[in-house]
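Structure first, commentary second.
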Amino acid sequence: MVNKNIHLVFFSPTGTTARVTGAVAKGTGGTVCRTLDLTPGAPEAKIGFAAEDVVIVAAPVYGGRLPTLAVERLKAISGQETSVIPIVVYGNRAFEDALLELSDLCEAQGFHTIAAGAFIAQHSFSSAALPIAVSRPDGKDLQRANQFGGQIAQILRANESSTQLEVLELPGNRPYKPAMGARPAATEVDLRLCTHCGKCVSLCPANAIRMTDVGPVTESCLWCLACLHNCPVAARTVVLPKVIEVAQRLHDTCQTRREPETFPAQPVDCSLRKVVGCHL
Ligand SMILES: Cc1cc2nc3c(=O)[nH]c(=O)nc-3n(C[C@H](O)[C@H](O)[C@H](O)COP(=O)(O)O)c2cc1C
C-alpha cells in the first residue's frame, strides 16, 4: 500500500495495455486519481504532473518500437521530476527498443523512471486460424503485474525516506531500430454484413475510418485491428497480404511462452558509495 496519487496514461487500441496497466496500479495499493486514455486522441490541453505524483505510462509494442501515434500523443504530458513507471505490452515476439524508447520519452518530458516493465498480451494479429499468445494477459500475467505494483509501492516508500535510487539500465539500443512507417489499410468491411453501427469509426485510434468509407483511409491505418476485433457482426477481415504473411510467421515462430520482465530501480548502497568517495 502506498500513500500516493497514482495517474494512469496509456495508448491501447485493443485494450490489453489498459488491462495490464490497471493490474499494476491495483498492486500498488494507491488511489488511481486520473486515467488518461490517449487511444481516442490527445488531450485538448497539455497536462502537467506535479513532483509528488506517480504516473504509470503504458503503450503497446509495434515493430519493436512505440506506435508513432502513441509517441505523438504522449508529448501532451510533462512532469517535474515526477516518478514514472513506463510499461510496454507486446505480443510474445519481442519488445526490442520500445521500453527504452518509452522511458527516454518520459525522461525528456520531465519524468524520472523508478521502475519499468514489459508484459505479454495476445498479439493483435492473432486469429482463430493463426493464434498467437491467445488470452494473454492471463491470470498469471495479471498476478505478476499486481506483484510489480507491490514492488513499485516499496520503491516509493524508500524514496519517501530519501533513499537514493540507481539509474535504471533498460534493455534496448540507441539509436532505436527504424519505426514502422505509414501503412495501407489492413482490413476491409463486408458491406453485406455491416450494420453501420459506427463502432469501428469511433474506435479507430487514427481516425482513419469514415461512415461513408468501405475501408480505412489508407495512409493512416495503424494495423492495430481494433476495427476488426470490436466489430459486433464480424464484418471486417484482414485483406492486406503483408499482415496475413506476418501473422502466419508469428504463429509459426512465437509459440514459446515469454514471461513478463520487470526492472525496479534498486536503492543505491550508501556504504559502497562512501568507499568510492561519492557523497550523497
Ligand atoms: C502493427 C503492429 C505491430 C506489432 N509489433 C509487435 C512486435 O514488434 N513485437 C511483439 O511482440 N508484438 C507486436 N505487436 C503486438 C502488440 O504489441 C500486442 O498485441 C499488444 O498487446 C497490443 O496492445 P493493445 O491491446 O493495448 O492495443 C504488434 C501489433 C501491431 C498491431
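Chain labels run A, B, ... following the order of the C-alpha cells; each chain numbers its residues from 1, and ligands are numbered from 1 in the order shown.
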
Residue contacts of Thr195 (chain A) (9 Å, only C-alpha atoms) excluding same-chain residues fewer than 4 positions away, as a PyMOL selection string:
chain A and resi 191+233+235

Show me which residues line ligand 1, defined as having an atom within 9 Å of a ligand atom where only C-alpha atoms and all ligand atoms count, and present them as number ranges by chain.
A: 10-20, 39, 58-67, 88-96, 98, 119-126, 132-133, 136-137, 180, 222-226, 243, 250, 254

Please give the complete set of residues from region 128-249 of chain A that DSSP, run on the backbone, assigns to alpha helix (DSSP H), formatted as a PyMOL selection string.
chain A and resi 139-160+199-203+226-229+241-249

Counting only C-alpha atoms, which residue out of A:Val189, A:Ala118, A:Cys200, A:Val246 sits closest to Val24 (chain A)?
A:Ala118

For Ala185 (chain A), which of A:Pro43, A:Gly27, A:Pro232, A:Pro241 is the closest residue, counting only C-alpha atoms?
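Closest to Ala185 (chain A), using only C-alpha atoms: A:Pro241.
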
Test item: residues at most 9 Å from region 138-153 of chain A, only C-alpha atoms, excluding those fewer than 4 positions along its chain, as a PyMOL selection string
chain A and resi 1-4+19-30+85+114-115+117+119-121+134+157-158+259-260+262+264

Proximity to Arg192 (chain A) - best of A:Phe49, A:Leu36, A:Glu261, A:Arg236, only C-alpha atoms
A:Arg236
